[in-house]
Amino acid sequence: MKKPLILAFDTSCDDTSVALTSGYKVLANIISSQVELHKEFGGVFPTVAKQAHKENIDPTTKLALKRAGKTLSEVAGVAVTVGPGLAPSLEVGITYASQLAAELGVPLLAINHLEGHLWSSLVERNSPPTKDAISSSITESAAPIIYPVLGVIVSGGHTDFILVKGEGQYERLGFTIDDAAGECLDKVGRMLGLGYPAGAVIEQFAKKGDPARFDFPLPMTQVKDFNVSFSGMKTFSRNLIAKLDAAGSLDKQAIYDFSAGIQMAVFRHILYKLNKILEEYKVTELWLGGGVAANVSLRKLLRTKARIMGLKFRFPYAKNLCSDNAAMIGVVGGQKFLRGEGVQPGEKLDRQPNLHLGEV
Ligand code: KG4
Ligand code: ZN
């Protein structure tokens, strides 16, 4: 059966992304990055992000349609992220998508950004692998899903463990009680002078460093729940970096070793809680999503764990599906379309900046 064509938008943070999807297939996924605009702030500046989204959204939409070889008249539904994210940024996407859905007379699909990250490992390419690919497999993600699944979302804004019982059926088993994993890497990277965002730089530096040189703490081992916390690692890092700096020993090698150490500490903590969950919950698949999923070491750790436990491991096939993108929003939009969960043209969608996924 031919799957409905979905035009999808994500303007949750600092990237303006527009995609066209059909089922799990991505026909186009354009990401207009604002990273250069926000670099000088060391984080995302909401009013700057809003203005850039406003300028970018129309040309990005036109480019996505062109890349996909489709016209607006072929679009069956319009999907848009309603949260979580920055309220001014979300507003731009919601307003644009709502107007377009009304003009086209098609259902408008309100999507949780986290549900997008969760399903990003299922997105399939529609064309041969590009240089951005982190997996050359075309067929792997097409294999039927066997529920229940444990989804791990590791991004700059979130660190969540989600039990997936079926499409739209989620239970959040654990989450971060303070910073997200990517946020911790970004903050420590900033202390080391690595720029923003720092996750990818830390990954490169870590390859030249000794993860055992500094003794990073493993938090929350006495706590029985499945939540994570990264603020202790951040404080530990701040104190140690100040000490090294004062002693004049924060040289290049120390920065490499520090990068290896903090990356390992963050991933060990995630893996520790993941192990606890897998002791208690019987699942058949393990899915990884979010910006930090671009990290090869993290993927290796989870792949090894999945292999030992006999689980199928899925992760996004390209880097641009790990970070914020509209293709993942389109895939969830397609599911909602088929379930008849779109709002009708004219109905208003609200921004939901603090939306969670699978809270019980
Ligand atoms: O999913 P994302 O684009 O935005 C959020 O929704 O938060 O994730 C961005 C995060 C940033 O914290 C960035 O430093 C991190 O993903 N990141 C990485 C890597 N690439 C991006 N962290 C570790 N290793 C990487 N290669
Ligand atoms: Zn995200």
# chains A, B, ... in the order shown; residues from 1 in each chain; ligands from 1
>>> residues_around(residues="region 348-357 of chain A", least_positions_apart="5", cutoff="7 Å", atoms="only C-alpha atoms", output="ChimeraX atom specification")
/A:82-87,90-91,114-115,172
>>> write_last_selection(atoms="C-alpha atoms", output="CSV table (one decimal), in the first residue's frame")
chain,number,residue,atom,x,y,z
A,82,VAL,CA,4.6,21.3,19.2
A,83,GLY,CA,7.2,20.6,22.0
A,84,PRO,CA,9.3,20.2,23.9
A,85,GLY,CA,11.5,23.1,22.8
A,86,LEU,CA,11.9,26.9,22.9
A,87,ALA,CA,8.5,28.5,22.8
A,90,LEU,CA,8.1,26.3,18.2
A,91,GLU,CA,5.7,29.1,17.4
A,114,LEU,CA,10.9,13.3,21.6
A,115,GLU,CA,8.7,10.8,19.8
A,172,ARG,CA,9.0,6.7,30.5
>>> closest_atom_pairs(of="chain A", to="ligand 1", cutoff="7 Å", atoms="only C-alpha atoms and all ligand atoms", output="CSV")
residue,atom,partner,partner_atom_place_in_ligand_line,distance
A:Ser155,CA,ligand 1,8 (O),4.1
A:Gly156,CA,ligand 1,7 (O),3.1
A:Gly157,CA,ligand 1,7 (O),3.9
A:His158,CA,ligand 1,7 (O),6.3
A:Gly182,CA,ligand 1,12 (O),3.3
A:Glu183,CA,ligand 1,12 (O),4.8
A:Leu185,CA,ligand 1,14 (O),6.1
A:Asp186,CA,ligand 1,14 (O),5.2
A:Pro197,CA,ligand 1,14 (O),4.5
A:Ala198,CA,ligand 1,14 (O),4.7
A:Gly199,CA,ligand 1,14 (O),3.3
A:Ala200,CA,ligand 1,26 (N),3.7
A:Ile202,CA,ligand 1,24 (N),6.8
A:Glu203,CA,ligand 1,24 (N),5.2
A:Gly290,CA,ligand 1,1 (O),4.1
A:Gly291,CA,ligand 1,8 (O),3.3
A:Val292,CA,ligand 1,22 (N),3.8
A:Ala293,CA,ligand 1,25 (C),6.9
A:Ala294,CA,ligand 1,26 (N),4.7
A:Asn295,CA,ligand 1,26 (N),3.9
A:Cys322,CA,ligand 1,1 (O),6.1
A:Ser323,CA,ligand 1,3 (O),3.2
A:Asp324,CA,ligand 1,3 (O),4.3
>>> closest_residue(among="A:Gln51, A:Gln222, A:Thr284, A:Thr159", to="ligand 2", atoms="only C-alpha atoms and all ligand atoms")
A:Thr159
>>> closest_residue(among="A:Cys13, A:Leu298, A:Leu286, A:Leu63", to="ligand 2", atoms="only C-alpha atoms and all ligand atoms")
A:Cys13
>>> residues_around(residues="Pro46 (chain A)", least_positions_apart="3", cutoff="7 Å", atoms="only C-alpha atoms", output="PyMOL selection string")
chain A and resi 49-50+86+88-89
>>> atom_distance(atom1="CA of Ala242 (chain A)", atom2="CA of Arg213 (chain A)")
16.3 Å
>>> residues_around(residues="Ala68 (chain A)", least_positions_apart="4", cutoff="8 Å", atoms="only C-alpha atoms", output="number ranges by chain")
A: 20, 27-28, 64
>>> write_last_selection(atoms="all heavy atoms", output="compact mmCIF listing (two decimals), in the first residue's frame")
# COMPACT_ATOMS: atom_id res chain seq x y z
N LEU A 20 10.15 15.66 3.72
CA LEU A 20 9.03 14.95 3.10
C LEU A 20 9.26 13.47 3.34
O LEU A 20 10.36 12.96 3.07
CB LEU A 20 8.94 15.26 1.61
CG LEU A 20 8.24 16.61 1.41
CD1 LEU A 20 9.04 17.51 0.54
CD2 LEU A 20 6.82 16.42 0.92
N LEU A 27 12.15 11.24 1.79
CA LEU A 27 12.34 11.70 0.40
C LEU A 27 13.22 12.94 0.36
O LEU A 27 13.93 13.19 -0.60
CB LEU A 27 10.98 12.01 -0.25
CG LEU A 27 10.18 10.81 -0.77
CD1 LEU A 27 9.82 9.84 0.32
CD2 LEU A 27 8.92 11.28 -1.46
N ALA A 28 13.14 13.75 1.42
CA ALA A 28 14.01 14.92 1.57
C ALA A 28 14.03 15.29 3.04
O ALA A 28 13.02 15.14 3.74
CB ALA A 28 13.49 16.09 0.75
N ALA A 64 12.99 21.57 0.15
CA ALA A 64 12.62 20.19 0.49
C ALA A 64 11.71 19.60 -0.58
O ALA A 64 11.90 18.45 -1.02
CB ALA A 64 11.93 20.15 1.86
>>> atom_distance(atom1="CA of Lys165 (chain A)", atom2="CA of Tyr272 (chain A)")
22.7 Å
